[in-house]
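What's in data27.txt: compact mmCIF, C-alpha atoms
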# COMPACT_ATOMS: atom_id res chain seq x y z
CA MET J 1 60.89 -16.56 6.64
CA LYS J 2 59.08 -16.15 9.97
CA LEU J 3 57.98 -12.67 8.90
CA ILE J 4 56.49 -14.04 5.67
CA LYS J 5 54.60 -16.73 7.61
CA LYS J 6 53.24 -14.10 10.00
CA VAL J 7 52.09 -11.92 7.11
CA ILE J 8 50.38 -14.88 5.39
CA PHE J 9 48.73 -15.93 8.66
CA PHE J 10 47.54 -12.36 9.24
CA ILE J 11 46.07 -12.12 5.72
CA ILE J 12 44.26 -15.45 6.11
CA PHE J 13 42.99 -14.45 9.55
CA GLU J 14 41.74 -11.10 8.27
CA PHE J 15 40.00 -12.74 5.32
CA ILE J 16 38.21 -15.28 7.52
CA PHE J 17 37.33 -12.64 10.09
CA CYS J 18 35.93 -10.19 7.52
CA THR J 19 34.02 -12.92 5.68
CA THR J 20 32.51 -14.24 8.92
CA LEU J 21 31.67 -10.76 10.17
CA GLY J 22 30.20 -9.75 6.83
CA THR J 23 28.03 -12.86 6.66
CA TYR J 24 26.87 -12.36 10.25
CA LEU J 25 25.93 -8.74 9.54
CA VAL J 26 23.96 -9.77 6.44
CA PHE J 27 21.77 -12.17 8.43
CA HIS J 28 21.74 -10.55 11.89
CA GLY J 29 22.77 -6.95 11.34
CA PRO J 30 20.71 -3.82 10.60
CA PHE J 31 20.63 -4.38 6.82
CA LYS J 32 17.10 -5.77 6.61
CA ASN J 33 16.63 -5.32 2.85
CA ILE J 34 19.92 -7.07 2.04
CA ARG J 35 19.08 -9.95 4.39
CA ASN J 36 15.62 -10.37 2.90
CA THR J 37 16.98 -10.39 -0.65
CA VAL J 38 19.65 -12.96 0.22
CA VAL J 39 17.09 -15.20 1.97
CA THR J 40 14.44 -15.00 -0.75
CA SER J 41 17.08 -15.58 -3.44
CA ALA J 42 18.45 -18.63 -1.64
CA MET J 43 15.06 -20.17 -0.84
CA THR J 44 13.77 -19.85 -4.41
CA THR J 45 16.90 -21.33 -5.97
CA MET J 46 16.87 -25.11 -6.16
CA ASN J 47 20.48 -25.65 -5.07
CA HIS J 48 21.11 -22.85 -2.56
CA LYS J 49 18.53 -23.14 0.23
CA TYR J 50 21.32 -24.18 2.61
CA ILE J 51 22.75 -20.62 2.56
CA ALA J 52 19.76 -19.28 4.48
CA LYS J 53 19.35 -22.37 6.67
CA LEU J 54 22.94 -22.16 7.90
CA PHE J 55 22.29 -18.81 9.59
CA LEU J 56 18.55 -18.60 10.30
CA SER J 57 15.93 -20.82 11.89
CA ASP J 58 13.04 -22.23 9.89
CA ASP J 59 10.66 -19.86 11.70
CA GLU J 60 12.80 -16.82 10.81
CA ILE J 61 12.99 -17.91 7.16
CA LYS J 62 9.24 -18.50 7.05
CA ARG J 63 8.58 -15.02 8.47
CA ILE J 64 10.84 -13.35 5.90
CA MET J 65 9.21 -15.26 3.05
CA GLU J 66 5.74 -14.27 4.28
CA GLU J 67 6.74 -10.60 4.61
CA ASN J 68 7.85 -10.53 0.97
CA LYS J 69 5.05 -12.68 -0.44
CA ILE J 70 3.25 -11.33 -3.49
CA SER J 71 -0.46 -10.60 -3.16
CA SER J 72 -3.04 -12.67 -5.03
CA PRO J 73 -5.45 -10.73 -7.28
CA THR J 74 -8.66 -9.82 -5.45
CA GLU J 75 -10.58 -9.01 -8.61
CA SER J 76 -10.99 -10.46 -12.09
CA GLU J 77 -9.48 -8.76 -15.10
CA ASN J 78 -11.58 -6.03 -16.65
CA GLN J 79 -11.21 -7.08 -20.27
CA ASP J 80 -13.32 -4.13 -21.44
CA ALA J 81 -10.54 -1.80 -20.29
CA ILE J 82 -8.25 -3.11 -23.06
CA LYS J 83 -8.92 -1.39 -26.38
CA VAL J 84 -6.75 -3.23 -28.87
CA LYS J 85 -5.49 -1.10 -31.77
CA TYR J 86 -3.96 -2.54 -34.93
CA SER J 87 -2.42 0.63 -36.31
CA SER J 88 1.09 -0.80 -36.61
CA ASN J 89 3.08 -4.03 -36.86
CA ASN J 90 6.12 -2.37 -35.35
CA ILE J 91 8.45 -4.06 -32.82
CA GLU J 92 10.67 -1.83 -30.71
CA CYS J 93 13.57 -3.08 -28.58
CA ILE J 94 14.53 -0.92 -25.58
CA ASN J 95 17.56 -1.32 -23.34
CA ILE J 96 16.68 -1.52 -19.64
CA GLU J 97 19.59 -0.80 -17.32
CA THR J 98 20.24 0.09 -13.68
CA ASN J 99 23.34 -0.21 -11.49
CA ARG J 100 22.24 -3.76 -10.59
CA TYR J 101 20.78 -5.30 -13.73
CA LYS J 102 20.61 -5.05 -17.50
CA GLY J 103 17.73 -6.21 -19.65
CA TYR J 104 15.68 -5.69 -22.78
CA LEU J 105 12.07 -4.81 -23.46
CA LEU J 106 10.28 -5.65 -26.69
CA ILE J 107 7.20 -3.54 -27.41
CA VAL J 108 5.00 -5.34 -29.94
CA ASP J 109 2.33 -3.00 -31.30
CA ASN J 110 0.07 -5.73 -32.69
CA PRO J 111 -0.87 -8.38 -30.06
CA LYS J 112 -2.25 -10.64 -32.78
CA ARG J 113 1.36 -11.41 -33.74
CA VAL J 114 2.22 -12.82 -30.29
CA LYS J 115 1.55 -16.54 -30.06
CA VAL J 116 2.74 -19.64 -28.22
CA GLY J 117 5.41 -21.79 -29.81
CA THR J 118 6.37 -25.21 -28.46
CA SER J 119 9.17 -27.73 -28.77
CA GLN J 120 8.81 -30.29 -31.51
CA ASP J 121 8.92 -33.23 -29.09
CA LEU J 122 6.73 -31.67 -26.40
CA GLY J 123 6.36 -33.91 -23.36
CA ASN J 124 9.75 -35.52 -23.89
CA ARG J 125 12.39 -33.04 -24.96
CA GLY J 126 12.58 -29.27 -25.24
CA GLU J 127 14.28 -27.01 -27.75
CA THR J 128 16.16 -23.74 -27.39
CA LEU J 129 14.27 -20.53 -28.03
CA GLY J 130 16.35 -20.07 -31.17
CA GLN J 131 15.28 -23.45 -32.51
CA ILE J 132 11.59 -22.77 -31.76
CA ILE J 133 11.71 -19.36 -33.43
CA LYS J 134 13.41 -20.76 -36.52
CA ARG J 135 10.94 -23.64 -36.87
CA TYR J 136 7.92 -21.30 -36.55
CA ASN J 137 9.54 -18.76 -38.87
CA ALA J 138 9.09 -16.12 -36.16
CA VAL J 139 11.03 -12.87 -35.87
CA ALA J 140 11.20 -12.47 -32.09
CA GLY J 141 10.25 -14.08 -28.81
CA VAL J 142 11.00 -14.97 -25.20
CA ASN J 143 10.90 -18.18 -23.17
CA ALA J 144 7.53 -18.77 -21.53
CA GLY J 145 6.33 -21.62 -19.28
CA GLY J 146 8.16 -23.73 -16.73
CA PHE J 147 8.94 -27.43 -16.86
CA SER J 148 9.20 -30.28 -14.39
CA ASN J 149 12.36 -32.00 -15.67
CA ALA J 150 14.68 -29.06 -15.04
CA MET J 151 17.36 -31.21 -13.37
CA THR J 152 17.86 -33.36 -16.48
CA GLY J 153 18.21 -30.30 -18.67
CA THR J 154 15.95 -31.69 -21.40
CA GLY J 155 13.16 -29.17 -20.77
CA GLY J 156 10.46 -31.21 -22.48
CA ILE J 157 7.85 -31.81 -19.77
CA PRO J 158 5.84 -28.61 -19.22
CA SER J 159 4.22 -27.59 -15.96
CA GLY J 160 0.50 -26.87 -16.09
CA ILE J 161 -1.26 -26.34 -19.40
CA ILE J 162 -0.29 -25.24 -22.91
CA ILE J 163 -2.85 -23.96 -25.40
CA GLU J 164 -1.76 -23.33 -28.96
CA ASN J 165 -4.03 -21.98 -31.68
CA GLY J 166 -7.12 -22.66 -29.56
CA GLU J 167 -6.28 -26.28 -28.76
CA ILE J 168 -4.98 -27.79 -25.52
CA LYS J 169 -1.62 -29.16 -26.55
CA TYR J 170 -0.50 -30.31 -23.10
CA ILE J 171 -2.09 -30.55 -19.65
CA ASP J 172 -0.94 -32.08 -16.38
CA ASP J 173 -3.09 -33.25 -13.46
CA GLU J 174 -3.28 -29.95 -11.57
CA LYS J 175 -6.74 -28.76 -10.49
CA THR J 176 -6.00 -25.05 -11.06
CA PHE J 177 -3.61 -23.36 -13.45
CA ASN J 178 -1.74 -20.06 -13.44
CA ILE J 179 -2.71 -18.83 -16.88
CA VAL J 180 -0.69 -16.44 -19.03
CA GLY J 181 -1.98 -16.03 -22.55
CA PHE J 182 -4.25 -14.37 -25.08
CA ASN J 183 -7.94 -14.88 -25.75
CA ASN J 184 -9.59 -14.74 -29.16
CA LYS J 185 -9.79 -10.94 -28.86
CA ASN J 186 -6.00 -10.72 -28.40
CA ILE J 187 -6.34 -9.60 -24.77
CA LEU J 188 -3.71 -10.85 -22.30
CA ILE J 189 -5.22 -13.02 -19.55
CA VAL J 190 -3.28 -13.58 -16.31
CA GLY J 191 -4.25 -15.30 -13.07
CA GLU J 192 -5.35 -18.60 -11.56
CA TYR J 193 -8.20 -20.53 -13.20
CA LYS J 194 -9.80 -23.96 -13.08
CA LEU J 195 -10.11 -26.01 -16.25
CA ASP J 196 -13.81 -25.28 -16.78
CA GLU J 197 -13.08 -21.56 -16.35
CA ILE J 198 -10.23 -21.80 -18.84
CA LYS J 199 -12.58 -23.19 -21.48
CA GLU J 200 -14.92 -20.21 -20.96
CA LEU J 201 -12.03 -17.76 -21.48
CA LYS J 202 -11.76 -18.79 -25.18
CA LEU J 203 -7.98 -18.72 -25.09
CA ARG J 204 -6.15 -18.94 -28.40
CA ASP J 205 -2.60 -19.21 -26.98
CA ALA J 206 -1.56 -19.68 -23.35
CA ILE J 207 0.91 -21.32 -20.97
CA SER J 208 1.12 -21.79 -17.21
CA PHE J 209 3.31 -19.63 -15.03
CA GLY J 210 3.11 -16.75 -12.59
CA PRO J 211 2.59 -15.00 -10.38
CA ALA J 212 0.48 -12.21 -11.85
CA LEU J 213 2.32 -8.92 -11.27
CA ILE J 214 -0.22 -6.35 -12.44
CA VAL J 215 -4.01 -6.73 -12.66
CA ASN J 216 -6.27 -3.94 -13.91
CA GLY J 217 -3.41 -1.48 -13.61
CA LYS J 218 -2.80 -2.35 -9.95
CA PRO J 219 0.55 -3.75 -8.77
CA MET J 220 0.34 -7.04 -6.88
CA ILE J 221 3.57 -6.41 -4.95
CA LYS J 222 2.80 -3.73 -2.40
CA LYS J 223 5.54 -4.54 0.13
CA GLY J 224 8.85 -6.38 0.01
CA ASP J 225 10.49 -7.62 -3.17
CA GLY J 226 7.95 -10.27 -4.17
CA GLY J 227 9.60 -13.13 -2.29
CA TRP J 228 11.58 -14.62 -5.17
CA GLY J 229 14.93 -12.90 -4.57
CA ILE J 230 17.29 -11.73 -7.31
CA ALA J 231 17.60 -13.77 -10.52
CA PRO J 232 17.39 -13.60 -14.31
CA ARG J 233 13.79 -12.75 -15.24
CA THR J 234 11.33 -12.98 -18.12
CA ALA J 235 7.88 -11.39 -18.03
CA ILE J 236 4.99 -10.34 -20.25
CA GLY J 237 2.50 -7.47 -20.05
CA GLN J 238 -0.08 -5.61 -22.10
CA THR J 239 -0.96 -1.92 -22.22
CA GLN J 240 -4.50 -0.59 -22.38
CA ASP J 241 -4.17 0.02 -26.12
CA GLY J 242 -3.19 -3.62 -26.63
CA LYS J 243 0.58 -3.40 -27.08
CA VAL J 244 2.47 -6.41 -25.75
CA LEU J 245 5.52 -5.93 -23.50
CA LEU J 246 8.09 -8.74 -23.46
CA LEU J 247 10.80 -8.24 -20.84
CA THR J 248 13.98 -10.21 -20.20
CA ILE J 249 16.56 -9.27 -17.56
CA ASP J 250 19.96 -10.95 -17.31
CA GLY J 251 21.26 -12.24 -13.99
CA ARG J 252 23.92 -14.23 -12.12
CA GLN J 253 26.60 -12.53 -14.19
CA LYS J 254 29.13 -9.74 -13.77
CA HIS J 255 27.31 -7.32 -16.07
CA SER J 256 23.93 -8.01 -14.43
CA LEU J 257 23.22 -9.51 -10.99
CA GLY J 258 19.52 -10.01 -11.68
CA ALA J 259 16.19 -8.50 -10.68
CA THR J 260 13.48 -9.04 -8.10
CA LEU J 261 9.84 -9.49 -9.06
CA LYS J 262 9.29 -5.97 -7.71
CA ASP J 263 11.91 -4.68 -10.17
CA VAL J 264 10.12 -6.46 -13.02
CA GLN J 265 6.75 -5.12 -11.92
CA ASP J 266 8.11 -1.56 -11.75
CA VAL J 267 9.63 -1.71 -15.25
CA LEU J 268 6.37 -2.98 -16.74
CA LEU J 269 4.36 -0.31 -14.89
CA GLU J 270 6.73 2.36 -16.19
CA TYR J 271 5.98 1.27 -19.76
CA GLY J 272 2.24 1.23 -19.26
CA ALA J 273 1.37 -2.40 -18.48
CA TYR J 274 -2.26 -2.78 -17.40
CA ASN J 275 -2.01 -6.56 -16.91
CA ALA J 276 1.22 -8.51 -16.54
CA SER J 277 2.71 -11.77 -15.32
CA ASN J 278 6.03 -13.26 -14.45
CA LEU J 279 7.30 -16.00 -16.77
CA ASP J 280 9.94 -18.68 -16.21
CA GLY J 281 13.27 -17.06 -15.34
CA GLY J 282 16.67 -18.25 -14.12
CA SER J 283 18.76 -20.08 -16.68
CA SER J 284 15.76 -20.18 -19.02
CA ALA J 285 15.53 -16.38 -19.42
CA THR J 286 16.14 -15.74 -23.12
CA MET J 287 15.11 -13.18 -25.73
CA TYR J 288 15.35 -13.09 -29.52
CA ASN J 289 14.67 -10.15 -31.82
CA ASP J 290 15.06 -9.90 -35.56
CA GLY J 291 16.01 -13.58 -35.52
CA LYS J 292 19.03 -12.97 -33.25
CA LEU J 293 19.80 -13.68 -29.59
CA VAL J 294 19.50 -10.39 -27.69
CA ASN J 295 20.41 -11.16 -24.07
CA LYS J 296 23.06 -13.27 -22.37
CA PRO J 297 21.50 -16.41 -20.77
CA SER J 298 23.09 -17.30 -17.44
CA ASP J 299 23.60 -20.99 -18.20
CA ILE J 300 27.28 -21.70 -18.91
CA LEU J 301 26.21 -23.79 -21.90
CA GLY J 302 24.20 -20.93 -23.40
CA GLU J 303 20.55 -21.26 -24.35
CA ARG J 304 18.57 -23.75 -22.31
CA ALA J 305 16.13 -26.29 -23.74
CA ILE J 306 12.55 -25.17 -22.98
CA PRO J 307 9.05 -26.50 -23.74
CA SER J 308 7.33 -23.26 -24.69
CA ALA J 309 7.84 -19.69 -25.81
CA PHE J 310 5.92 -16.54 -26.62
CA ILE J 311 6.90 -15.85 -30.22
CA VAL J 312 6.22 -12.92 -32.54
CA GLU J 313 5.29 -13.98 -36.06

Would you write the structure of this file as structure tokens?
Amino acid sequence: MKLIKKVIFFIIFEFIFCTTLGTYLVFHGPFKNIRNTVVTSAMTTMNHKYIAKLFLSDDEIKRIMEENKISSPTESENQDAIKVKYSSNNIECINIETNRYKGYLLIVDNPKRVKVGTSQDLGNRGETLGQIIKRYNAVAGVNAGGFSNAMTGTGGIPSGIIIENGEIKYIDDEKTFNIVGFNNKNILIVGEYKLDEIKELKLRDAISFGPALIVNGKPMIKKGDGGWGIAPRTAIGQTQDGKVLLLTIDGRQKHSLGATLKDVQDVLLEYGAYNASNLDGGSSATMYNDGKLVNKPSDILGERAIPSAFIVE
């Protein structure tokens, strides 16, 4: 009996020792990239900031976040560089997979087909991506903009601005907006704009989110991981011949831990994105194709209620 107690005590001691040592090495050891990823993941997740604050000072956290911060565009989009072609209405779905994450990329040949869809009770209650796609009679799509009532789970109050079919369908009291959307020439517009500038852009369909990942073929993340850690991701991009790239990467699950913004940027660059932006991720990250759910949302309840989506009609 004494031997059994000693063995149990030894196992418990070893577990605590290894866990403590491992945690210490993550935050104070030589593994800088791992530490930075853990910190940026914790600080950009609503419920897990305490993980970083338990082991690092506010100044240390601030320095790490600054080191991994994404650059702001220094130039406006060159819309003349996009030569939209309408040779096909094809939609191709490609599996994206590494040893850390698994995702899906939709390549939509005709950008005219990509539009904004919104929940039926916008401003009060959201709908799942599946419900939005069904109501718009769309064939594919991904979640789009963020929302301010995430804690209640209703997903109905958007953040920023929503433009649908040329009309402002929702707008909050922000002075500037991170725009992701298409103008009347079916060119993807990404970046930060004031309301009077937005009106000059002649947007047909747009939402608010960010940050911009690629502008005029140039990556915005030049060092670090983008400062948002590892999580489920959704993003949108456009190639120089006008094709639209819709990317969703699973996360917070056994089959896929998640991706950094740098990972997302690199995938979109690989497939020819000339302009691209991050969209709402986390539990909201969802993709449909051919009317069916493609990915595995991380929320234990399945699809999350959202206010807006980029749909393919």

### One-decimal distance in Å that lies between CA of Val108 in chain J and CA of Ile91 in chain J
4.7 Å

### Query
Any idea what the distance is between CA of Ile64 in chain J and CA of Gly227 in chain J?
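Taking CA of Ile64 in chain J as the start and CA of Gly227 in chain J as the end point, the length is 8.3 Å.
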
### Task
May I ask for the distance between CA of Lys175 in chain J and CA of Glu197 in chain J, given in Å to one decimal place?
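Atom-to-atom, CA of Lys175 in chain J to CA of Glu197 in chain J, that is 11.2 Å.
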
Per residue of range 228-300 of chain J within 7 Å of range 72-84 of chain J, record the nearest atom pair and its distance in Å to one decimal, counting all atoms listed in the file, with rows in chain order and ascending residue number, as a Markdown table.
| residue | atom | partner | partner_atom | distance |
| --- | --- | --- | --- | --- |
| J:Gln240 | CA | J:Ile82 | CA | 4.6 |
| J:Asp241 | CA | J:Lys83 | CA | 5.0 |
| J:Gly242 | CA | J:Val84 | CA | 4.2 |

### Pick from J:Thr154, J:Asn143, J:Asn183, J:Asn95 nearest to Gly130 in chain J, counting only C-alpha atoms
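Residue with the minimum atom-to-atom distance to Gly130 in chain J: J:Asn143.
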
All heavy atoms modelled onto range 285-296 of chain J, as a PDB file, in the coordinates of the input:
ATOM      1  N   ALA J 285      15.836 -17.725 -18.937  1.00  0.00           N
ATOM      2  CA  ALA J 285      15.530 -16.380 -19.420  1.00  0.00           C
ATOM      3  C   ALA J 285      16.290 -16.069 -20.712  1.00  0.00           C
ATOM      4  O   ALA J 285      17.509 -15.938 -20.710  1.00  0.00           O
ATOM      5  CB  ALA J 285      15.876 -15.359 -18.341  1.00  0.00           C
ATOM      6  N   THR J 286      15.543 -15.935 -21.801  1.00  0.00           N
ATOM      7  CA  THR J 286      16.140 -15.740 -23.120  1.00  0.00           C
ATOM      8  C   THR J 286      15.242 -14.865 -23.979  1.00  0.00           C
ATOM      9  O   THR J 286      14.023 -14.958 -23.911  1.00  0.00           O
ATOM     10  CB  THR J 286      16.338 -17.086 -23.853  1.00  0.00           C
ATOM     11  OG1 THR J 286      16.915 -18.048 -22.963  1.00  0.00           O
ATOM     12  CG2 THR J 286      17.245 -16.942 -25.057  1.00  0.00           C
ATOM     13  N   MET J 287      15.863 -14.024 -24.814  1.00  0.00           N
ATOM     14  CA  MET J 287      15.110 -13.180 -25.730  1.00  0.00           C
ATOM     15  C   MET J 287      15.766 -13.171 -27.106  1.00  0.00           C
ATOM     16  O   MET J 287      16.994 -13.104 -27.226  1.00  0.00           O
ATOM     17  CB  MET J 287      15.026 -11.739 -25.215  1.00  0.00           C
ATOM     18  CG  MET J 287      14.365 -10.761 -26.206  1.00  0.00           C
ATOM     19  SD  MET J 287      14.326  -9.048 -25.627  1.00  0.00           S
ATOM     20  CE  MET J 287      13.002  -9.130 -24.413  1.00  0.00           C
ATOM     21  N   TYR J 288      14.918 -13.244 -28.136  1.00  0.00           N
ATOM     22  CA  TYR J 288      15.350 -13.090 -29.520  1.00  0.00           C
ATOM     23  C   TYR J 288      14.617 -11.902 -30.135  1.00  0.00           C
ATOM     24  O   TYR J 288      13.457 -11.627 -29.810  1.00  0.00           O
ATOM     25  CB  TYR J 288      15.011 -14.339 -30.344  1.00  0.00           C
ATOM     26  CG  TYR J 288      16.143 -15.339 -30.452  1.00  0.00           C
ATOM     27  CD1 TYR J 288      16.512 -16.104 -29.352  1.00  0.00           C
ATOM     28  CD2 TYR J 288      16.846 -15.515 -31.641  1.00  0.00           C
ATOM     29  CE1 TYR J 288      17.543 -17.024 -29.436  1.00  0.00           C
ATOM     30  CE2 TYR J 288      17.881 -16.433 -31.735  1.00  0.00           C
ATOM     31  CZ  TYR J 288      18.226 -17.190 -30.631  1.00  0.00           C
ATOM     32  OH  TYR J 288      19.256 -18.094 -30.727  1.00  0.00           O
ATOM     33  N   ASN J 289      15.305 -11.195 -31.027  1.00  0.00           N
ATOM     34  CA  ASN J 289      14.670 -10.150 -31.820  1.00  0.00           C
ATOM     35  C   ASN J 289      15.352 -10.095 -33.177  1.00  0.00           C
ATOM     36  O   ASN J 289      16.575 -10.225 -33.273  1.00  0.00           O
ATOM     37  CB  ASN J 289      14.791  -8.784 -31.127  1.00  0.00           C
ATOM     38  CG  ASN J 289      14.041  -7.700 -31.878  1.00  0.00           C
ATOM     39  OD1 ASN J 289      12.960  -7.947 -32.432  1.00  0.00           O
ATOM     40  ND2 ASN J 289      14.586  -6.500 -31.918  1.00  0.00           N
ATOM     41  N   ASP J 290      14.547  -9.926 -34.199  1.00  0.00           N
ATOM     42  CA  ASP J 290      15.060  -9.900 -35.560  1.00  0.00           C
ATOM     43  C   ASP J 290      15.852 -11.172 -35.865  1.00  0.00           C
ATOM     44  O   ASP J 290      16.872 -11.141 -36.565  1.00  0.00           O
ATOM     45  CB  ASP J 290      15.928  -8.664 -35.793  1.00  0.00           C
ATOM     46  CG  ASP J 290      16.131  -8.356 -37.270  1.00  0.00           C
ATOM     47  OD1 ASP J 290      15.329  -8.831 -38.105  1.00  0.00           O
ATOM     48  OD2 ASP J 290      17.120  -7.670 -37.590  1.00  0.00           O
ATOM     49  N   GLY J 291      15.386 -12.294 -35.276  1.00  0.00           N
ATOM     50  CA  GLY J 291      16.010 -13.580 -35.520  1.00  0.00           C
ATOM     51  C   GLY J 291      17.337 -13.803 -34.819  1.00  0.00           C
ATOM     52  O   GLY J 291      18.021 -14.804 -35.058  1.00  0.00           O
ATOM     53  N   LYS J 292      17.726 -12.882 -33.908  1.00  0.00           N
ATOM     54  CA  LYS J 292      19.030 -12.970 -33.250  1.00  0.00           C
ATOM     55  C   LYS J 292      18.874 -12.967 -31.726  1.00  0.00           C
ATOM     56  O   LYS J 292      17.966 -12.339 -31.189  1.00  0.00           O
ATOM     57  CB  LYS J 292      19.922 -11.805 -33.678  1.00  0.00           C
ATOM     58  CG  LYS J 292      20.210 -11.763 -35.174  1.00  0.00           C
ATOM     59  CD  LYS J 292      21.018 -10.527 -35.531  1.00  0.00           C
ATOM     60  CE  LYS J 292      21.257 -10.441 -37.036  1.00  0.00           C
ATOM     61  NZ  LYS J 292      22.002  -9.208 -37.403  1.00  0.00           N
ATOM     62  N   LEU J 293      19.786 -13.661 -31.056  1.00  0.00           N
ATOM     63  CA  LEU J 293      19.800 -13.680 -29.590  1.00  0.00           C
ATOM     64  C   LEU J 293      20.156 -12.292 -29.078  1.00  0.00           C
ATOM     65  O   LEU J 293      21.165 -11.704 -29.485  1.00  0.00           O
ATOM     66  CB  LEU J 293      20.822 -14.705 -29.091  1.00  0.00           C
ATOM     67  CG  LEU J 293      20.983 -14.851 -27.577  1.00  0.00           C
ATOM     68  CD1 LEU J 293      19.695 -15.365 -26.940  1.00  0.00           C
ATOM     69  CD2 LEU J 293      22.143 -15.794 -27.258  1.00  0.00           C
ATOM     70  N   VAL J 294      19.313 -11.755 -28.184  1.00  0.00           N
ATOM     71  CA  VAL J 294      19.500 -10.390 -27.690  1.00  0.00           C
ATOM     72  C   VAL J 294      20.255 -10.372 -26.370  1.00  0.00           C
ATOM     73  O   VAL J 294      21.196  -9.610 -26.183  1.00  0.00           O
ATOM     74  CB  VAL J 294      18.136  -9.689 -27.521  1.00  0.00           C
ATOM     75  CG1 VAL J 294      18.317  -8.322 -26.857  1.00  0.00           C
ATOM     76  CG2 VAL J 294      17.448  -9.535 -28.865  1.00  0.00           C
ATOM     77  N   ASN J 295      19.835 -11.204 -25.420  1.00  0.00           N
ATOM     78  CA  ASN J 295      20.410 -11.160 -24.070  1.00  0.00           C
ATOM     79  C   ASN J 295      21.528 -12.184 -23.907  1.00  0.00           C
ATOM     80  O   ASN J 295      21.922 -12.857 -24.863  1.00  0.00           O
ATOM     81  CB  ASN J 295      19.317 -11.386 -23.029  1.00  0.00           C
ATOM     82  CG  ASN J 295      18.897 -12.833 -22.957  1.00  0.00           C
ATOM     83  OD1 ASN J 295      18.629 -13.460 -23.985  1.00  0.00           O
ATOM     84  ND2 ASN J 295      18.829 -13.388 -21.752  1.00  0.00           N
ATOM     85  N   LYS J 296      22.014 -12.300 -22.689  1.00  0.00           N
ATOM     86  CA  LYS J 296      23.060 -13.270 -22.370  1.00  0.00           C
ATOM     87  C   LYS J 296      22.523 -14.250 -21.316  1.00  0.00           C
ATOM     88  O   LYS J 296      22.553 -13.954 -20.122  1.00  0.00           O
ATOM     89  CB  LYS J 296      24.321 -12.575 -21.841  1.00  0.00           C
ATOM     90  CG  LYS J 296      24.989 -11.679 -22.875  1.00  0.00           C
ATOM     91  CD  LYS J 296      26.235 -11.025 -22.303  1.00  0.00           C
ATOM     92  CE  LYS J 296      26.908 -10.124 -23.333  1.00  0.00           C
ATOM     93  NZ  LYS J 296      28.109  -9.444 -22.771  1.00  0.00           N
TER      94      LYS J 296
END
